[in-house]
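To be precise, the following lines are entry_30.tsv, and they hold TSV, C-alpha atoms.
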chain	number	residue	atom	x	y	z
A	1	MET	CA	0.00	0.00	0.00
A	2	PRO	CA	1.46	3.42	-0.95
A	3	SER	CA	2.40	5.85	1.79
A	4	PRO	CA	-0.12	8.66	2.40
A	5	ARG	CA	2.95	10.92	2.12
A	6	LEU	CA	3.53	9.81	-1.49
A	7	PRO	CA	1.93	12.30	-3.93
A	8	PRO	CA	0.23	11.12	-7.13
A	9	GLY	CA	2.61	9.99	-9.86
A	10	GLN	CA	5.52	9.46	-7.44
A	11	ARG	CA	7.43	6.32	-6.39
A	12	ALA	CA	9.50	6.00	-3.21
A	13	VAL	CA	13.26	5.50	-3.55
A	14	GLU	CA	15.74	4.16	-1.01
A	15	HIS	CA	18.52	6.73	-1.54
A	16	LEU	CA	18.38	10.43	-2.34
A	17	PRO	CA	19.44	10.78	-6.00
A	18	VAL	CA	21.95	13.43	-7.04
A	19	LEU	CA	20.63	15.51	-9.91
A	20	HIS	CA	21.72	18.86	-11.29
A	21	PHE	CA	21.78	20.49	-14.70
A	22	ASP	CA	25.49	21.21	-14.91
A	23	GLY	CA	28.59	20.61	-12.81
A	24	ILE	CA	28.90	21.25	-9.09
A	25	PRO	CA	30.23	24.75	-8.42
A	26	ARG	CA	33.23	25.15	-6.17
A	27	VAL	CA	32.09	27.28	-3.26
A	28	ASP	CA	34.71	28.67	-0.87
A	29	ILE	CA	32.91	28.99	2.48
A	30	SER	CA	35.36	31.69	3.60
A	31	LYS	CA	34.12	33.85	0.68
A	32	TRP	CA	30.48	32.67	0.59
A	33	SER	CA	27.72	35.09	1.53
A	34	LEU	CA	23.96	35.16	1.42
A	35	ARG	CA	22.51	38.29	-0.13
A	36	ILE	CA	18.94	39.16	0.87
A	37	PHE	CA	17.58	41.93	-1.32
A	38	GLY	CA	14.73	43.30	-3.41
A	39	LEU	CA	11.53	44.54	-1.82
A	40	VAL	CA	12.81	44.54	1.77
A	41	ARG	CA	13.31	47.18	4.44
A	42	HIS	CA	16.74	45.76	5.31
A	43	GLU	CA	19.00	44.44	2.57
A	44	LEU	CA	21.53	42.08	4.09
A	45	ARG	CA	24.68	40.22	3.17
A	46	LEU	CA	25.53	37.49	5.67
A	47	SER	CA	28.85	35.66	5.79
A	48	TYR	CA	28.78	31.92	6.42
A	49	SER	CA	29.66	32.41	10.10
A	50	GLU	CA	26.95	35.07	10.49
A	51	PHE	CA	24.43	32.84	8.71
A	52	THR	CA	25.22	29.75	10.79
A	53	ALA	CA	25.03	31.83	14.00
A	54	LEU	CA	21.32	32.47	13.31
A	55	PRO	CA	18.77	30.36	15.22
A	56	ARG	CA	18.63	26.79	13.88
A	57	VAL	CA	15.64	24.59	13.15
A	58	THR	CA	15.32	20.95	12.20
A	59	ALA	CA	12.59	19.59	9.95
A	60	THR	CA	11.89	16.09	8.66
A	61	LEU	CA	10.58	16.53	5.13
A	62	ASP	CA	10.05	14.51	1.98
A	63	ALA	CA	11.78	15.29	-1.32
A	64	HIS	CA	9.72	14.86	-4.50
A	65	CYS	CA	11.35	15.12	-7.93
A	66	VAL	CA	9.42	16.18	-11.01
A	67	THR	CA	10.79	13.03	-12.72
A	68	GLY	CA	8.67	10.87	-10.40
A	69	TRP	CA	10.83	9.76	-7.49
A	70	SER	CA	10.29	10.64	-3.82
A	71	LYS	CA	12.66	10.20	-0.90
A	72	LEU	CA	10.65	10.18	2.31
A	73	GLY	CA	11.80	11.21	5.78
A	74	LEU	CA	14.90	13.36	5.22
A	75	THR	CA	16.01	15.39	8.24
A	76	TRP	CA	17.28	18.84	7.37
A	77	GLU	CA	18.88	21.37	9.72
A	78	GLY	CA	19.41	25.04	9.03
A	79	VAL	CA	17.83	28.48	9.25
A	80	SER	CA	14.08	28.85	8.86
A	81	THR	CA	13.00	30.95	5.91
A	82	ARG	CA	10.81	32.76	8.43
A	83	GLU	CA	14.00	33.95	10.15
A	84	ILE	CA	15.13	35.43	6.82
A	85	LYS	CA	11.79	37.23	6.59
A	86	ARG	CA	12.17	38.51	10.15
A	87	LEU	CA	15.64	39.92	9.42
A	88	ALA	CA	14.81	41.48	6.05
A	89	HIS	CA	11.28	42.79	6.72
A	90	PRO	CA	9.78	42.35	3.23
A	91	LEU	CA	7.68	45.26	2.02
A	92	PRO	CA	3.90	44.66	1.80
A	93	GLU	CA	4.04	44.41	-2.00
A	94	ALA	CA	6.54	41.49	-1.89
A	95	ARG	CA	4.52	38.44	-2.94
A	96	TYR	CA	7.21	36.29	-4.59
A	97	VAL	CA	10.77	35.18	-3.99
A	98	MET	CA	13.56	34.40	-6.47
A	99	VAL	CA	16.28	32.18	-5.06
A	100	HIS	CA	19.74	32.56	-6.63
A	101	SER	CA	22.45	29.88	-6.66
A	102	ALA	CA	26.24	30.05	-6.98
A	103	ASP	CA	26.09	28.42	-10.43
A	104	GLY	CA	23.64	30.99	-11.83
A	105	TYR	CA	20.57	28.78	-11.27
A	106	THR	CA	17.41	30.54	-10.14
A	107	THR	CA	13.96	29.43	-9.05
A	108	SER	CA	10.93	31.51	-8.16
A	109	MET	CA	8.01	30.84	-5.85
A	110	LEU	CA	5.17	32.40	-3.97
A	111	LEU	CA	6.32	34.12	-0.78
A	112	ALA	CA	3.75	31.93	1.02
A	113	ASP	CA	5.51	28.77	-0.24
A	114	PHE	CA	8.94	30.14	0.73
A	115	LEU	CA	7.59	30.75	4.24
A	116	ALA	CA	5.75	27.41	4.55
A	117	GLU	CA	5.97	25.47	7.80
A	118	GLY	CA	9.28	23.58	7.73
A	119	ALA	CA	10.86	25.58	4.86
A	120	LEU	CA	14.50	26.27	5.59
A	121	LEU	CA	17.92	27.10	4.25
A	122	ALA	CA	19.68	23.86	5.16
A	123	VAL	CA	23.30	23.31	6.13
A	124	LYS	CA	22.87	19.69	7.29
A	125	LEU	CA	21.16	16.58	5.94
A	126	ASN	CA	20.44	13.64	8.26
A	127	GLY	CA	22.78	15.04	10.92
A	128	LYS	CA	25.78	15.59	8.61
A	129	PRO	CA	26.98	18.75	6.88
A	130	LEU	CA	25.67	19.03	3.34
A	131	SER	CA	28.04	17.65	0.74
A	132	PRO	CA	28.67	19.65	-2.45
A	133	GLU	CA	26.49	17.36	-4.58
A	134	TYR	CA	23.54	18.01	-2.25
A	135	GLY	CA	24.03	21.78	-2.22
A	136	SER	CA	26.77	22.73	0.25
A	137	PRO	CA	27.15	25.16	1.84
A	138	VAL	CA	23.44	26.13	1.86
A	139	ARG	CA	20.42	24.59	0.15
A	140	LEU	CA	16.82	25.73	0.20
A	141	VAL	CA	14.27	23.06	1.17
A	142	VAL	CA	10.60	23.84	0.53
A	143	PRO	CA	7.96	21.25	1.51
A	144	GLY	CA	5.07	20.58	-0.84
A	145	LEU	CA	6.85	21.74	-4.00
A	146	TYR	CA	8.85	19.67	-6.46
A	147	PHE	CA	12.51	19.48	-5.56
A	148	TRP	CA	13.70	21.78	-8.40
A	149	LYS	CA	12.31	24.57	-6.18
A	150	SER	CA	14.71	23.53	-3.39
A	151	ALA	CA	17.72	25.26	-4.95
A	152	LYS	CA	21.25	24.09	-4.18
A	153	TRP	CA	24.28	26.34	-3.51
A	154	VAL	CA	22.09	29.28	-2.46
A	155	VAL	CA	23.72	32.72	-2.48
A	156	GLY	CA	20.72	35.04	-2.75
A	157	VAL	CA	17.08	35.53	-1.81
A	158	GLU	CA	15.29	38.26	-3.75
A	159	PHE	CA	11.84	39.48	-2.67
A	160	MET	CA	9.64	40.57	-5.62
A	161	ALA	CA	6.19	42.04	-6.35
A	162	GLU	CA	5.76	40.14	-9.64
A	163	ASN	CA	6.70	36.56	-10.40
A	164	ARG	CA	9.49	35.87	-12.90
A	165	PRO	CA	10.43	32.46	-14.25
A	166	GLY	CA	13.59	30.89	-12.90
A	167	PHE	CA	15.84	28.42	-14.75
A	168	TRP	CA	13.42	25.48	-15.11
A	169	GLU	CA	10.30	27.63	-15.21
A	170	ALA	CA	11.71	29.40	-18.28
A	171	ARG	CA	12.13	25.94	-19.85
A	172	GLY	CA	8.50	24.91	-19.46
A	173	TYR	CA	8.23	23.78	-15.86
A	174	HIS	CA	5.21	24.94	-13.87
A	175	MET	CA	5.59	28.28	-12.10
A	176	ARG	CA	4.39	26.86	-8.76
A	177	GLY	CA	5.27	23.15	-8.81
A	178	ASN	CA	2.85	21.84	-6.17
A	179	VAL	CA	3.49	18.07	-5.86
A	180	TRP	CA	-0.03	17.21	-4.69
A	181	ARG	CA	-1.55	18.85	-7.78
A	182	GLU	CA	1.09	17.35	-10.12
A	183	GLU	CA	2.09	20.81	-11.33
A	184	ARG	CA	5.03	19.62	-13.40
A	185	ARG	CA	4.77	21.48	-16.72
A	186	SER	CA	3.52	24.98	-17.52
A	187	ASP	CA	0.88	23.54	-19.84
A	188	ARG	CA	-0.83	22.30	-16.65
A	189	GLU	CA	-1.24	25.80	-15.20
A	190	LEU	CA	-4.75	27.09	-14.67

Output the file's structure as C-alpha cells, nothing else.
Amino acid sequence: MPSPRLPPGQRAVEHLPVLHFDGIPRVDISKWSLRIFGLVRHELRLSYSEFTALPRVTATLDAHCVTGWSKLGLTWEGVSTREIKRLAHPLPEARYVMVHSADGYTTSMLLADFLAEGALLAVKLNGKPLSPEYGSPVRLVVPGLYFWKSAKWVVGVEFMAENRPGFWEARGYHMRGNVWREERRSDREL
C-alpha cells in the first residue's frame, strides 16, 4: 500500500538521488555570503559564520522530484525561511521570492511557499553537513513543492512584487510546482 505521504505519480526511492543540470560549483565557504535583497526594508549580506550563527531549526521533510521519485523522511537542519523574513522585513508588495544559486541557477516561488511550515535554508542533511552534490554550503528546502524549487548552492534571496520564471520555469516547468496537484509542466497551469 502506498504511503499517504507519497503524492500522485511518485514512487518511493531508497537513496536520495543526485541531480543537477550542470557541474557542481566550487564554493569557498570563507568567501560565501547570502545576499537578501529586493523589496525589503533591510538588505543584508551574511557571511557563512553570520548565517550559521542564526537560530537553527530541524525539519523532517520529503523530497519529490518532477521526474517521479520521492525520498521520504529526510532530516534537514538550518535556518528557517521565516528567520530570513524577520531579518529582512519584506515590504507589503513582496509576494514572490527568487532564489539565486552560486552556479547561476534561479527558481521563483510564492512568498507563502517560501515561508511554509518547515521551509529552511539547510546546512545539514540527516545530521551531517551538506556535501557539495547536495548543495553545500546552503540549500533551500521547501515542503510541498517539487525538488527543483529547493535550490542548491544558495547565495541570494530576492523578494519581488511580480513573479518571474527561474531556470526550469523558463524551460516549461510549472511556475508553482505543487506536488499534490502534479504541477510539473507549464501547460498544466490554470

**Request:** Show which residues sit within 12 Å of Trp153 of chain A, as a VMD selection string. Count all atoms listed in the file, and ignore same-chain residues fewer than 6 positions away.
**Result:** chain A and resid 20 23 to 29 32 to 34 99 to 106 121 to 123 130 to 141

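The residue that comes closest to Asp62 of chain A, out of A:Phe159, A:Trp180, A:Phe147, A:Trp168 and on the basis of all atoms listed in the file, is A:Phe147.
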
**Item:** Best match for closeness to Gly144 of chain A among A:Glu50, A:Glu77, A:Glu158, A:Glu117, counting only C-alpha atoms
**Value:**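 Of A:Glu50, A:Glu77, A:Glu158, A:Glu117, the one nearest Gly144 of chain A, counting only C-alpha atoms, is A:Glu117.
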
**Asked** Distance atom CA of Trp76 of chain A-atom CA of Gly9 of chain A, one decimal place?
**Response** 24.3 Å

**Asked** To one decimal place, how far is atom CA of Glu43 of chain A from atom CA of Thr81 of chain A in Å?
**Response**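 Rounded to one decimal, the two atoms are 15.1 Å apart.
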
**Request:** Work out how far atom CA of Glu183 of chain A is from atom CA of Pro165 of chain A, in Å to one decimal.
**Result:** 14.6 Å

**Message:** For a quick check of understanding, using all atoms listed in the file, which of A:Leu44, A:Gly127, A:Ser150, A:Arg185 has the smallest distance to Thr60 of chain A?
**Reply:**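 Smallest separation from Thr60 of chain A among the options: A:Gly127.
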
**Asked** Looking at all atoms listed in the file, which of A:Lys128, A:Arg176, A:Lys149, A:His42 is the one that sits closest to Gly78 of chain A?
**Response** A:Lys128

With 12 Å as the threshold, what does the neighbourhood of (17.2, 5.4, -5.5) contain in terms of residues, counting only C-alpha atoms? Coordinates are those of the file; answer as a PDB file with C-alpha atoms, in the frame of the given file.
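Result file follows (part08.pdb):
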ATOM      1  CA  ARG A  11       7.430   6.320  -6.390  1.00  0.00           C
ATOM      2  CA  ALA A  12       9.500   6.000  -3.210  1.00  0.00           C
ATOM      3  CA  VAL A  13      13.260   5.500  -3.550  1.00  0.00           C
ATOM      4  CA  GLU A  14      15.740   4.160  -1.010  1.00  0.00           C
ATOM      5  CA  HIS A  15      18.520   6.730  -1.540  1.00  0.00           C
ATOM      6  CA  LEU A  16      18.380  10.430  -2.340  1.00  0.00           C
ATOM      7  CA  PRO A  17      19.440  10.780  -6.000  1.00  0.00           C
ATOM      8  CA  VAL A  18      21.950  13.430  -7.040  1.00  0.00           C
ATOM      9  CA  LEU A  19      20.630  15.510  -9.910  1.00  0.00           C
ATOM     10  CA  CYS A  65      11.350  15.120  -7.930  1.00  0.00           C
ATOM     11  CA  GLY A  68       8.670  10.870 -10.400  1.00  0.00           C
ATOM     12  CA  TRP A  69      10.830   9.760  -7.490  1.00  0.00           C
ATOM     13  CA  SER A  70      10.290  10.640  -3.820  1.00  0.00           C
ATOM     14  CA  LYS A  71      12.660  10.200  -0.900  1.00  0.00           C
ATOM     15  CA  LEU A  72      10.650  10.180   2.310  1.00  0.00           C
TER      16      LEU A  72
END

**Prompt:** Contacts of Met98 of chain A at 8 Å or less, counting all atoms listed in the file, minus same-chain residues fewer than 6 places along, as a VMD selection string?
**Reply:** chain A and resid 106 to 109 157 to 160 164 166

**Message:** From the options A:Leu145, A:Leu111, A:Ala119, A:Ala94, which residue's atoms come nearest to Thr75 of chain A, counting only C-alpha atoms?
**Reply:**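 Among the listed residues, the smallest separation from Thr75 of chain A belongs to A:Ala119.
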
**Residue among A:Arg181, A:Asp113, A:Leu87, A:Tyr146 lying closest to Glu169 of chain A, counting all atoms listed in the file** = A:Tyr146

Listed atoms of segment 70-76 of chain A boxed along x, y and z, 3 Å each side, centre and edge lengths in Å, one decimal, as AutoDock Vina command-line options:
--center_x 13.8 --center_y 14.5 --center_z 2.2 --size_x 13.0 --size_y 14.7 --size_z 18.1

**Prompt:** If I put a ball of radius 7 Å at (14.7, 30.1, 10.8) in the file's coordinates, which residues poke into it when counting all atoms listed in the file, written as a PyMOL selection string?
**Reply:** chain A and resi 55-57+79-84+120
